file model-v4.txt (compact mmCIF, C-alpha atoms)
# COMPACT_ATOMS: atom_id res chain seq x y z
CA MET A 1 124.73 137.21 73.86
CA LEU A 2 124.07 136.49 70.19
CA GLU A 3 125.83 133.14 70.52
CA LYS A 4 123.63 132.17 73.54
CA ARG A 5 120.47 133.08 71.62
CA TRP A 6 121.66 131.03 68.67
CA CYS A 7 122.33 128.01 70.89
CA HIS A 8 118.91 128.36 72.55
CA TRP A 9 117.23 128.53 69.13
CA LEU A 10 119.06 125.41 67.97
CA LEU A 11 118.06 123.54 71.14
CA THR A 12 114.41 124.57 70.78
CA CYS A 13 114.34 123.48 67.14
CA SER A 14 115.94 120.16 68.01
CA LEU A 15 113.36 119.45 70.72
CA LEU A 16 110.49 120.38 68.41
CA PHE A 17 111.89 118.16 65.68
CA PHE A 18 112.39 115.28 68.14
CA THR A 19 108.81 115.56 69.45
CA SER A 20 107.38 115.86 65.95
CA SER A 21 109.37 112.86 64.78
CA ALA A 22 108.19 110.73 67.70
CA PHE A 23 104.56 111.36 66.87
CA SER A 24 104.82 111.19 63.08
CA ALA A 25 106.91 108.00 62.93
CA MET A 26 105.40 104.53 62.82
CA TRP A 27 106.33 102.80 66.08
CA THR A 28 106.69 99.03 65.97
CA VAL A 29 106.17 97.80 69.53
CA THR A 30 107.12 94.15 69.93
CA TYR A 31 106.30 92.09 73.02
CA PRO A 32 107.11 88.45 73.93
CA ARG A 33 104.92 85.94 72.12
CA PRO A 34 102.72 83.92 74.52
CA LEU A 35 103.36 80.21 74.88
CA ASP A 36 100.38 79.45 72.63
CA ASP A 37 96.83 80.58 71.90
CA SER A 38 95.59 78.93 75.10
CA ASP A 39 97.86 81.12 77.27
CA LYS A 40 95.46 83.89 78.31
CA ARG A 41 97.77 85.59 80.82
CA SER A 42 98.96 88.12 78.22
CA GLU A 43 95.52 89.41 77.24
CA TYR A 44 95.26 92.16 79.86
CA PRO A 45 98.87 93.48 79.54
CA ILE A 46 98.46 93.64 75.76
CA ALA A 47 95.07 95.39 76.05
CA LEU A 48 96.47 97.93 78.52
CA LEU A 49 99.53 98.56 76.37
CA GLN A 50 97.26 99.16 73.39
CA LEU A 51 95.14 101.54 75.47
CA ALA A 52 98.24 103.47 76.59
CA LEU A 53 99.60 103.81 73.04
CA ASP A 54 96.18 104.91 71.79
CA LYS A 55 96.17 107.68 74.41
CA THR A 56 99.43 109.11 73.06
CA GLY A 57 98.12 109.59 69.53
CA VAL A 58 101.21 108.03 67.94
CA ASN A 59 101.12 105.77 64.90
CA TYR A 60 102.04 102.27 65.97
CA GLU A 61 101.75 98.57 65.31
CA LEU A 62 101.72 96.12 68.19
CA LEU A 63 103.34 92.79 67.36
CA ALA A 64 104.27 89.55 69.09
CA SER A 65 107.87 88.40 68.80
CA ASP A 66 108.68 85.87 66.10
CA ARG A 67 109.41 83.15 68.65
CA ILE A 68 108.19 82.24 72.12
CA LEU A 69 110.27 83.91 74.83
CA LEU A 70 109.98 82.78 78.43
CA SER A 71 110.36 85.44 81.09
CA GLY A 72 114.10 85.19 81.72
CA LYS A 73 114.96 85.04 78.01
CA ALA A 74 112.65 87.94 77.22
CA ILE A 75 114.34 90.11 79.85
CA ARG A 76 117.79 89.25 78.50
CA GLN A 77 116.76 89.99 74.91
CA LEU A 78 115.16 93.28 75.96
CA LYS A 79 118.34 94.32 77.77
CA GLU A 80 120.23 93.82 74.50
CA ASN A 81 117.40 95.51 72.54
CA ARG A 82 116.83 92.38 70.47
CA GLU A 83 113.60 90.67 69.36
CA VAL A 84 111.38 92.68 71.72
CA ASN A 85 111.26 96.31 72.84
CA VAL A 86 108.75 96.01 75.66
CA VAL A 87 108.25 93.35 78.33
CA TRP A 88 105.89 93.24 81.30
CA SER A 89 107.34 91.58 84.35
CA MET A 90 107.45 91.65 88.11
CA THR A 91 109.99 94.19 89.26
CA ASP A 92 113.10 93.81 91.34
CA ALA A 93 116.18 95.96 91.91
CA GLN A 94 118.28 94.17 89.27
CA ARG A 95 115.67 94.55 86.54
CA GLU A 96 115.34 98.23 87.36
CA ARG A 97 119.11 98.62 87.04
CA ASP A 98 119.27 96.79 83.72
CA LEU A 99 116.18 98.28 82.08
CA ILE A 100 113.90 101.31 82.18
CA PRO A 101 110.93 100.56 84.45
CA ILE A 102 107.69 102.43 83.90
CA ARG A 103 106.64 102.66 87.53
CA ILE A 104 102.89 102.33 87.13
CA PRO A 105 101.82 98.87 88.40
CA ILE A 106 99.83 97.58 85.47
CA ALA A 107 97.76 95.15 87.58
CA LYS A 108 97.58 97.32 90.71
CA GLY A 109 99.84 94.97 92.68
CA LEU A 110 97.69 91.88 92.13
CA ILE A 111 100.77 90.02 90.92
CA GLY A 112 101.74 89.78 94.61
CA LEU A 113 98.35 88.47 95.78
CA ARG A 114 98.80 84.71 95.59
CA LEU A 115 96.44 81.79 95.95
CA LEU A 116 97.74 78.32 96.75
CA VAL A 117 97.16 75.80 93.99
CA ILE A 118 97.34 72.24 95.33
CA ASN A 119 96.93 68.68 94.10
CA LYS A 120 93.36 67.53 94.80
CA GLU A 121 94.77 64.29 96.18
CA GLN A 122 96.58 66.40 98.83
CA GLN A 123 93.44 68.25 99.90
CA ASP A 124 93.40 66.71 103.38
CA VAL A 125 97.01 67.77 103.98
CA PHE A 126 96.10 71.39 103.24
CA SER A 127 92.73 71.38 104.98
CA GLU A 128 93.83 73.32 108.05
CA LEU A 129 96.23 76.01 106.90
CA ASN A 130 95.15 78.39 109.65
CA SER A 131 98.59 79.67 110.64
CA ARG A 132 101.74 80.84 108.98
CA ARG A 133 103.71 78.30 111.02
CA ARG A 134 101.66 75.48 109.49
CA LEU A 135 102.14 76.93 106.02
CA MET A 136 105.91 77.04 106.52
CA THR A 137 105.99 73.24 106.78
CA MET A 138 105.00 73.05 103.10
CA SER A 139 107.19 73.82 100.09
CA PRO A 140 106.12 76.38 97.47
CA LEU A 141 106.94 75.90 93.78
CA GLN A 142 108.35 78.82 91.79
CA GLY A 143 110.34 79.52 88.64
CA ASP A 144 114.12 79.35 88.58
CA ASP A 145 114.59 83.02 87.69
CA TRP A 146 111.42 84.55 89.12
CA PRO A 147 111.78 87.31 91.74
CA ASP A 148 109.10 85.47 93.76
CA THR A 149 111.57 82.68 94.49
CA LYS A 150 113.92 84.99 96.38
CA ILE A 151 111.02 86.66 98.17
CA LEU A 152 109.70 83.35 99.46
CA GLN A 153 113.19 82.19 100.43
CA ALA A 154 113.78 85.43 102.32
CA ASN A 155 110.60 84.70 104.28
CA GLY A 156 111.89 81.28 105.32
CA PHE A 157 110.23 78.97 102.79
CA ASN A 158 112.00 75.97 101.30
CA VAL A 159 111.27 76.72 97.64
CA VAL A 160 111.21 74.06 94.91
CA THR A 161 112.18 75.65 91.58
CA VAL A 162 111.09 74.78 88.04
CA PRO A 163 112.02 76.17 84.60
CA ASP A 164 108.53 77.47 83.76
CA PHE A 165 105.01 77.58 85.13
CA ARG A 166 103.81 74.54 83.19
CA GLU A 167 106.56 72.41 84.71
CA GLY A 168 105.31 73.64 88.08
CA TYR A 169 102.03 71.81 87.53
CA THR A 170 103.91 68.66 86.52
CA VAL A 171 105.85 68.72 89.80
CA LEU A 172 102.70 69.54 91.74
CA GLU A 173 101.08 66.40 90.41
CA ARG A 174 103.80 64.03 91.60
CA GLU A 175 105.21 65.63 94.79
CA SER A 176 103.55 65.73 98.20
CA GLN A 177 103.24 68.68 100.58
CA VAL A 178 103.99 71.24 97.89
CA PHE A 179 101.85 74.14 96.72
CA PHE A 180 102.05 76.49 93.78
CA PRO A 181 101.43 80.15 94.70
CA ARG A 182 99.78 81.71 91.66
CA SER A 183 98.69 85.29 91.29
CA VAL A 184 94.97 85.97 91.28
CA ILE A 185 95.41 87.33 87.75
CA GLU A 186 96.92 84.05 86.55
CA VAL A 187 95.32 81.24 88.46
CA LEU A 188 91.92 80.76 86.82
CA PRO A 189 93.17 80.80 83.19
CA GLU A 190 95.94 78.40 84.16
CA LEU A 191 93.56 75.95 85.83
CA ALA A 192 91.19 76.12 82.86
CA GLU A 193 94.02 75.36 80.42
CA GLY A 194 94.08 71.69 79.51
CA ARG A 195 91.44 71.04 82.19
CA ARG A 196 93.96 71.30 85.01
CA GLU A 197 91.02 71.87 87.36
CA ASN A 198 90.39 68.13 87.13
CA LYS A 199 93.64 67.48 89.03
CA PHE A 200 94.28 70.70 90.91
CA MET A 201 92.37 73.12 93.08
CA ILE A 202 92.82 76.35 95.01
CA ALA A 203 93.33 75.84 98.73
CA PRO A 204 90.29 77.36 100.48
CA ASP A 205 90.25 80.31 102.87
CA VAL A 206 93.88 81.47 102.59
CA ALA A 207 96.12 83.64 100.40
CA LEU A 208 99.62 85.09 100.42
CA TYR A 209 100.45 88.72 99.77
CA TYR A 210 103.73 90.50 99.28
CA PRO A 211 104.00 94.06 97.96
CA THR A 212 105.32 94.04 94.42
CA ALA A 213 104.51 95.46 91.03
CA MET A 214 104.35 94.26 87.47
CA TYR A 215 105.64 96.99 85.19
CA TYR A 216 106.26 97.52 81.54
CA PHE A 217 110.02 97.58 80.95
CA VAL A 218 111.92 98.88 77.94
CA SER A 219 115.57 98.89 76.97
CA LYS A 220 117.81 101.64 78.31
CA SER A 221 118.58 102.46 74.69
CA ASN A 222 114.91 103.33 74.05
CA PRO A 223 113.91 106.10 76.49
CA THR A 224 111.50 107.69 74.01
CA LEU A 225 109.34 104.57 73.95
CA ALA A 226 109.40 104.53 77.75
CA ARG A 227 108.13 108.12 77.83
CA LEU A 228 105.39 107.33 75.32
CA ILE A 229 104.09 104.36 77.30
CA GLU A 230 104.28 106.25 80.60
CA THR A 231 102.45 109.23 79.10
CA GLY A 232 99.71 106.97 77.76
CA LEU A 233 99.29 105.12 81.04
CA GLN A 234 99.10 108.38 82.98
CA ARG A 235 96.45 109.73 80.63
CA ALA A 236 94.47 106.51 81.00
CA LEU A 237 94.68 106.87 84.79
CA ASP A 238 93.57 110.49 84.61
CA ASP A 239 90.53 109.86 82.41
CA GLY A 240 89.47 106.66 84.20
CA SER A 241 89.95 104.28 81.27
CA PHE A 242 92.77 102.43 83.07
CA ASP A 243 90.48 101.65 86.00
CA GLU A 244 87.65 100.70 83.65
CA LEU A 245 89.83 98.14 81.89
CA PHE A 246 91.15 96.82 85.20
CA ALA A 247 87.64 96.46 86.65
CA SER A 248 86.19 94.82 83.55
CA THR A 249 89.06 92.32 83.56
CA TYR A 250 89.40 91.48 87.25
CA GLU A 251 86.36 92.60 89.27
CA THR A 252 84.38 89.41 88.65
CA VAL A 253 87.51 87.26 89.04
CA LEU A 254 88.29 88.72 92.46
CA ALA A 255 84.71 88.21 93.58
CA ASP A 256 84.68 84.61 92.36
CA LEU A 257 87.92 83.93 94.24
CA ASP A 258 86.39 85.39 97.45
CA ILE A 259 89.46 87.48 98.20
CA ASN A 260 87.72 89.41 100.97
CA GLY A 261 86.78 86.15 102.71
CA ARG A 262 90.30 84.75 102.87
CA GLN A 263 92.92 84.93 105.58
CA ILE A 264 95.83 86.74 103.94
CA PHE A 265 99.33 85.94 105.17
CA ARG A 266 101.49 89.00 104.51
CA LEU A 267 105.14 88.48 103.60
CA GLU A 268 108.05 90.89 103.43
CA ASN A 269 109.58 91.75 100.08
CA PRO A 270 113.26 92.59 100.51
CA LEU A 271 113.63 92.90 96.72
CA LEU A 272 111.19 95.80 96.45
CA PRO A 273 113.04 98.80 94.94
CA GLU A 274 112.97 102.03 96.93
CA LEU A 275 111.22 103.97 94.16
CA THR A 276 108.16 101.70 94.13
CA PRO A 277 105.19 104.15 94.42
CA LEU A 278 103.57 102.48 97.45
CA SER A 279 102.21 105.76 98.80
CA ASP A 280 100.07 106.42 95.71
CA THR A 281 97.01 104.45 96.79
CA LYS A 282 95.19 104.80 93.45
CA LEU A 283 97.81 102.54 91.89
CA TRP A 284 97.14 99.57 94.20
CA TYR A 285 94.30 97.15 94.82
CA LEU A 286 95.55 96.43 98.35
CA SER A 287 97.21 99.26 100.22
CA GLU A 288 99.75 98.67 102.96
CA SER A 289 97.12 99.59 105.56
CA GLN A 290 94.62 96.95 104.42
call {"tool": "encode", "arguments": {"input": "model-v4.txt", "output": "structure tokens"}}
result
Amino acid sequence: MLEKRWCHWLLTCSLLFFTSSAFSAMWTVTYPRPLDDSDKRSEYPIALLQLALDKTGVNYELLASDRILLSGKAIRQLKENREVNVVWSMTDAQRERDLIPIRIPIAKGLIGLRLLVINKEQQDVFSELNSRRRLMTMSPLQGDDWPDTKILQANGFNVVTVPDFREGYTVLERESQVFFPRSVIEVLPELAEGRRENKFMIAPDVALYYPTAMYYFVSKSNPTLARLIETGLQRALDDGSFDELFASTYETVLADLDINGRQIFRLENPLLPELTPLSDTKLWYLSESQ
């Protein structure tokens, strides 16, 4: 009996020490550096990550990686716990096996709500996209290692792949009958960059949607950081600050893009992991019933 009490005391002390250490230490949280200062797509994920860490009360510094890391490279480096210790990315089963996913969709599933960017010179070709059958005659552009590529292929599309999103716009300029499905959280900053709106436009009246989530991921060797970020996100959800940041970032954007006035073609997502919290409606902008 004395030995059991001794073991219990040691365990309790260890847990208290571990918790105290986590909150007293200075956490250096490193994320992938954006392509350049004009790449605005990282602003919201960084702001939300900062909000989550603030909610935990830990001491931390939030830093960009020393070099630019594209999505695939960032995931590989994170898996090896090198250069970065947090990455935000669209989920799939493989990424959830390789890393620790924090299953709170940081953009409420908007990463799967896609508008069709087209070459303005091809506007007539895309003027009557009033059926999925018509849409299937066109070829979408996507990244070589993006989960979206496999999703679109599984839904019957003939996907043209590119190494990164900027190359996608290069191909879009020279190829005919192709479109670039871009998330509603990406499309406007991308078109504004380098005045792309002079050459490209969003196809009117239509959108694609497939259920998916963009999560924060951390290395399997860093479960404490995963718990800290999850705790902070949950606290931000509970006190409403998560929704406030989301609304201030995207409410006007969604209105400007007239999401409610578009015909939305829903696609299946065979890559969606089973533990995706689809039933928790507060985590999603579009629920499965909408």
call {"tool": "closest_residue", "arguments": {"input": "model-v4.txt", "among": "A:Leu113, A:Ile68, A:Ile264, A:Ile100", "to": "Pro204 in chain A", "atoms": "all atoms listed in the file"}}
result
A:Ile264
call {"tool": "closest_atom_pairs", "arguments": {"input": "model-v4.txt", "of": "range 78-100 of chain A", "to": "range 207-229 of chain A", "cutoff": "7 Å", "atoms": "only C-alpha atoms", "output": "tab-separated table"}}
result
residue	atom	partner	partner_atom	distance
A:Leu78	CA	A:Ser219	CA	5.7
A:Lys79	CA	A:Ser219	CA	5.4
A:Asn81	CA	A:Ser219	CA	5.9
A:Asn85	CA	A:Val218	CA	5.7
A:Val86	CA	A:Val218	CA	4.8
A:Val87	CA	A:Phe217	CA	5.3
A:Trp88	CA	A:Tyr216	CA	4.3
A:Ser89	CA	A:Met214	CA	5.1
A:Met90	CA	A:Met214	CA	4.1
A:Thr91	CA	A:Ala213	CA	5.9
A:Leu99	CA	A:Ser219	CA	5.2
A:Ile100	CA	A:Val218	CA	5.3
call {"tool": "residues_around", "arguments": {"input": "model-v4.txt", "residues": "Ser65 in chain A", "least_positions_apart": "6", "cutoff": "12 Å", "atoms": "all atoms listed in the file", "output": "number ranges by chain"}}
result
A: 28-35, 74, 77-78, 82-87
call {"tool": "write_last_selection", "arguments": {"input": "model-v4.txt", "atoms": "C-alpha atoms", "output": "compact mmCIF listing (two decimals), in the coordinates of the input"}}
result
# COMPACT_ATOMS: atom_id res chain seq x y z
CA THR A 28 106.69 99.03 65.97
CA VAL A 29 106.17 97.80 69.53
CA THR A 30 107.12 94.15 69.93
CA TYR A 31 106.30 92.09 73.02
CA PRO A 32 107.11 88.45 73.93
CA ARG A 33 104.92 85.94 72.12
CA PRO A 34 102.72 83.92 74.52
CA LEU A 35 103.36 80.21 74.88
CA ALA A 74 112.65 87.94 77.22
CA GLN A 77 116.76 89.99 74.91
CA LEU A 78 115.16 93.28 75.96
CA ARG A 82 116.83 92.38 70.47
CA GLU A 83 113.60 90.67 69.36
CA VAL A 84 111.38 92.68 71.72
CA ASN A 85 111.26 96.31 72.84
CA VAL A 86 108.75 96.01 75.66
CA VAL A 87 108.25 93.35 78.33
call {"tool": "residues_around", "arguments": {"input": "model-v4.txt", "residues": "Ser241 in chain A", "least_positions_apart": "6", "cutoff": "12 Å", "atoms": "all atoms listed in the file", "output": "ChimeraX atom specification"}}
result
/A:47-48,50-52,54-55,232-235,247-248
call {"tool": "closest_residue", "arguments": {"input": "model-v4.txt", "among": "A:Ile202, A:Leu70, A:Leu267, A:Ile75", "to": "Asp36 in chain A", "atoms": "all atoms listed in the file"}}
result
A:Leu70
call {"tool": "atom_distance", "arguments": {"input": "model-v4.txt", "atom1": "CA of Gln122 in chain A", "atom2": "CA of Gln142 in chain A"}}
result
18.5 Å
call {"tool": "residues_around", "arguments": {"input": "model-v4.txt", "residues": "Ala154 in chain A", "least_positions_apart": "6", "cutoff": "12 Å", "atoms": "only C-alpha atoms", "output": "mmCIF file with C-alpha atoms, in the frame of the given file"}}
result
data_model
loop_
_atom_site.group_PDB
_atom_site.id
_atom_site.type_symbol
_atom_site.label_atom_id
_atom_site.label_comp_id
_atom_site.auth_asym_id
_atom_site.auth_seq_id
_atom_site.Cartn_x
_atom_site.Cartn_y
_atom_site.Cartn_z
ATOM 1 C CA PRO A 147 111.780 87.310 91.740
ATOM 2 C CA ASP A 148 109.100 85.470 93.760
ATOM 3 C CA TYR A 210 103.730 90.500 99.280
ATOM 4 C CA LEU A 267 105.140 88.480 103.600
ATOM 5 C CA GLU A 268 108.050 90.890 103.430
ATOM 6 C CA ASN A 269 109.580 91.750 100.080
ATOM 7 C CA PRO A 270 113.260 92.590 100.510
ATOM 8 C CA LEU A 271 113.630 92.900 96.720
#
call {"tool": "atom_distance", "arguments": {"input": "model-v4.txt", "atom1": "CA of Ala203 in chain A", "atom2": "CA of Phe265 in chain A"}}
result
13.4 Å
call {"tool": "residues_around", "arguments": {"input": "model-v4.txt", "residues": "Thr170 in chain A", "least_positions_apart": "2", "cutoff": "12 Å", "atoms": "all atoms listed in the file", "output": "MDAnalysis selection string"}}
result
chainID A and resid 118:119 141 161:168 172:175 178:180 196 199:200
call {"tool": "atom_distance", "arguments": {"input": "model-v4.txt", "atom1": "CA of Val159 in chain A", "atom2": "CA of Tyr44 in chain A"}}
result
28.5 Å
call {"tool": "residues_near_point", "arguments": {"input": "model-v4.txt", "point": "(102.6, 73.2, 100.2)", "cutoff": "9 Å", "atoms": "all atoms listed in the file", "output": "tab-separated table (two decimals) with C-alpha atoms, in the coordinates of the input"}}
result
chain	number	residue	atom	x	y	z
A	116	LEU	CA	97.74	78.32	96.75
A	117	VAL	CA	97.16	75.80	93.99
A	118	ILE	CA	97.34	72.24	95.33
A	125	VAL	CA	97.01	67.77	103.98
A	126	PHE	CA	96.10	71.39	103.24
A	135	LEU	CA	102.14	76.93	106.02
A	136	MET	CA	105.91	77.04	106.52
A	137	THR	CA	105.99	73.24	106.78
A	138	MET	CA	105.00	73.05	103.10
A	139	SER	CA	107.19	73.82	100.09
A	140	PRO	CA	106.12	76.38	97.47
A	141	LEU	CA	106.94	75.90	93.78
A	176	SER	CA	103.55	65.73	98.20
A	177	GLN	CA	103.24	68.68	100.58
A	178	VAL	CA	103.99	71.24	97.89
A	179	PHE	CA	101.85	74.14	96.72
A	180	PHE	CA	102.05	76.49	93.78
A	181	PRO	CA	101.43	80.15	94.70
call {"tool": "closest_residue", "arguments": {"input": "model-v4.txt", "among": "A:Leu115, A:Leu254, A:Leu69, A:Leu272", "to": "Lys150 in chain A", "atoms": "only C-alpha atoms"}}
result
A:Leu272
call {"tool": "closest_residue", "arguments": {"input": "model-v4.txt", "among": "A:Ala192, A:Thr56, A:Lys108, A:Gln153", "to": "Lys40 in chain A", "atoms": "all atoms listed in the file"}}
result
A:Ala192
call {"tool": "closest_residue", "arguments": {"input": "model-v4.txt", "among": "A:Ala255, A:Ile111, A:Leu152, A:Val206", "to": "Arg182 in chain A", "atoms": "only C-alpha atoms"}}
result
A:Ile111
call {"tool": "closest_residue", "arguments": {"input": "model-v4.txt", "among": "A:Ile185, A:Val171, A:Leu278, A:Pro273", "to": "Asp92 in chain A", "atoms": "only C-alpha atoms"}}
result
A:Pro273
